[in-house]
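Asker: A single structure is presented below for examination.
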Amino acid sequence: MMKQSLNRDESFVKQFEIWQGSADLTAKLRAIRSAYEACFFGYDQKEVQLIKSPTYHMLIIQTPGSLLEMQFLLDHWKELILQAGYVLYMSDSKAEKMDGGRAEITERHYLKPDIYDAMLKGETVDRKYGNITLELSHDESNFNFLKLTQAFYHERSKQLPMGLDKLMEYLLK
């Protein structure tokens, strides 16, 4: 397994900026919102899966789309989460050789609420949506899935984090 920091080249960044202002972003968010809402209300469908436990919530997206489009979505959500008062704890990419020599690649952003000032002042810490991990799984050219995980830490000095429904409302607007 090979692991490295996730860095985007200038060409990717330029294409990403164009995509963020395009109808393609709007269409992608609309498609995911529709699949998410169907799953949320109990309708069986394949594009979105929800897993919930007391300590984490997970959303797995397998909607049709190109690898590049899903890389854009991964980074778009990272930017939105940063704007919500988070700090980027880590971005990395790892490649693992599978049977048959195929490489399975995971790109990941790990974000945490910025709680430093509140802790210094002894104030109640707002955990916002909890710690968030965004992971994109793919091979050299094909998208497998995009996974969003919220991890919750319920401590007395902290407010309870908002759930997946509130996070998705924010990310899919």
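Just remember, in the structure tokens the first chain shown is A, the second B, etc., residues are 1-based per chain, and ligands are 1-based in the order shown.
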Find the residues near Leu172 (chain A): any atom within 8 Å, counting only C-alpha atoms, skip ones fewer than 2 places away on the same chain, and give them as an mmCIF file with N, CA and C atoms, in the first residue's frame.
Answerer:
data_model
loop_
_atom_site.group_PDB
_atom_site.id
_atom_site.type_symbol
_atom_site.label_atom_id
_atom_site.label_comp_id
_atom_site.auth_asym_id
_atom_site.auth_seq_id
_atom_site.Cartn_x
_atom_site.Cartn_y
_atom_site.Cartn_z
ATOM 1 N N LEU A 29 -25.884 17.667 -7.552
ATOM 2 C CA LEU A 29 -26.462 17.823 -6.218
ATOM 3 C C LEU A 29 -27.937 17.435 -6.216
ATOM 4 N N ARG A 30 -28.656 17.793 -7.269
ATOM 5 C CA ARG A 30 -30.077 17.455 -7.379
ATOM 6 C C ARG A 30 -30.260 15.927 -7.428
ATOM 7 N N ILE A 32 -28.199 13.591 -6.281
ATOM 8 C CA ILE A 32 -27.860 13.013 -4.972
ATOM 9 C C ILE A 32 -28.951 13.325 -3.960
ATOM 10 N N ARG A 33 -29.485 14.546 -3.980
ATOM 11 C CA ARG A 33 -30.556 14.916 -3.056
ATOM 12 C C ARG A 33 -31.763 13.999 -3.251
ATOM 13 N N MET A 168 -26.531 16.950 5.403
ATOM 14 C CA MET A 168 -26.897 16.799 3.995
ATOM 15 C C MET A 168 -27.728 17.983 3.512
ATOM 16 N N GLU A 169 -28.569 18.516 4.375
ATOM 17 C CA GLU A 169 -29.322 19.725 4.022
ATOM 18 C C GLU A 169 -28.351 20.847 3.654
ATOM 19 N N TYR A 170 -27.279 20.975 4.417
ATOM 20 C CA TYR A 170 -26.259 21.999 4.164
ATOM 21 C C TYR A 170 -25.463 21.699 2.887
#
Asker: Return as a compact mmCIF listing (two decimals) with C-alpha atoms, in the first residue's frame the full set of residues in region 54-112 of chain A whose backbone-based DSSP assignment is alpha helix (DSSP H).
Answerer:
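Contents of result_12.txt, freshly written:
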# COMPACT_ATOMS: atom_id res chain seq x y z
CA LEU A 67 -14.34 9.92 -11.74
CA LEU A 68 -13.42 13.56 -12.32
CA GLU A 69 -16.93 14.71 -11.41
CA MET A 70 -16.79 12.75 -8.15
CA GLN A 71 -13.34 14.16 -7.33
CA PHE A 72 -14.85 17.61 -7.85
CA LEU A 73 -17.74 16.73 -5.52
CA LEU A 74 -15.32 15.44 -2.88
CA ASP A 75 -13.42 18.73 -2.93
CA HIS A 76 -16.61 20.83 -3.18
CA TRP A 77 -17.95 19.26 0.00
CA LYS A 78 -14.58 19.74 1.68
CA GLU A 79 -14.75 23.48 0.89
CA LEU A 80 -18.32 23.77 2.18
CA ILE A 81 -17.40 22.00 5.42
CA LEU A 82 -14.42 24.33 5.88
CA GLN A 83 -16.79 27.28 5.45
Asker: For CA of Leu160 (chain A) and CA of Gly42 (chain A), quote the distance in Å rounded to one decimal.
Answerer: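 That distance, rounded to one decimal, is 25.3 Å.
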Asker: If you measure from CA of Ile132 (chain A) to CA of Thr149 (chain A), what distance in Å do you get, rounded to one decimal?
Answerer: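 A separation of 5.6 Å between them.
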Asker: What's the 9 Å shell around Lys3 (chain A), counting only C-alpha atoms, without same-chain residues fewer than 3 positions away, as a PyMOL selection string?
Answerer: chain A and resi 92-96
Asker: Which is closer to Lys147 (chain A) than all the others in A:Tyr129, A:Ser91, A:Ile51, A:Gly65, using only C-alpha atoms?
Answerer: A:Ile51
Asker: Write out as a PyMOL selection string each polymer residue whose atoms come within 12 Å of Gln49 (chain A), counting only C-alpha atoms; drop sequence neighbours fewer than 6 positions from it.
Answerer: chain A and resi 32+35-43+57-63+145-149
Asker: List the spatial neighbours of Asp114 (chain A) as a PyMOL selection string - criterion: any atom at most 8 Å away, only C-alpha atoms, same-chain residues fewer than 6 positions off excluded.
Answerer: chain A and resi 85-87
Asker: Any chance you could export the current selection's C-alpha atoms as a short mmCIF file (atom, residue, chain, number, x, y, z; two decimals), in the first residue's frame?
Answerer:
data_model
loop_
_atom_site.label_atom_id
_atom_site.label_comp_id
_atom_site.auth_asym_id
_atom_site.auth_seq_id
_atom_site.Cartn_x
_atom_site.Cartn_y
_atom_site.Cartn_z
CA GLY A 85 -16.17 26.38 10.79
CA TYR A 86 -14.06 23.28 10.33
CA VAL A 87 -10.33 22.79 9.94
#
Asker: Restricting the calculation to only C-alpha atoms, which member of A:Leu25, A:Ile105, A:Leu88, A:Met98 is positioned closest to Leu136 (chain A)?
Answerer: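 Result for the nearest residue to Leu136 (chain A): A:Ile105.
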Asker: For Tyr89 (chain A), list every protein, DNA or RNA residue within 8 Å, evaluated using only C-alpha atoms, and leave out those in the same chain fewer than 4 positions away; present the list as a ChimeraX atom specification.
Answerer: /A:109-112
Asker: Export C-alpha atoms of the chosen residues as an mmCIF file, in the first residue's frame?
Answerer:
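After the write, part.cif holds the following:
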data_model
loop_
_atom_site.group_PDB
_atom_site.id
_atom_site.type_symbol
_atom_site.label_atom_id
_atom_site.label_comp_id
_atom_site.auth_asym_id
_atom_site.auth_seq_id
_atom_site.Cartn_x
_atom_site.Cartn_y
_atom_site.Cartn_z
ATOM 1 C CA HIS A 109 -10.284 14.497 3.555
ATOM 2 C CA TYR A 110 -10.574 14.414 7.349
ATOM 3 C CA LEU A 111 -12.133 17.525 8.913
ATOM 4 C CA LYS A 112 -12.729 18.545 12.519
#
Asker: Determine which residues of region 39-168 of chain A DSSP labels as strand (DSSP E) from the backbone of this structure, then write them out as a ChimeraX atom specification.
Answerer: /A:48-52,56-61,86-97,103-113,125-126,131-138,143-151,158-159
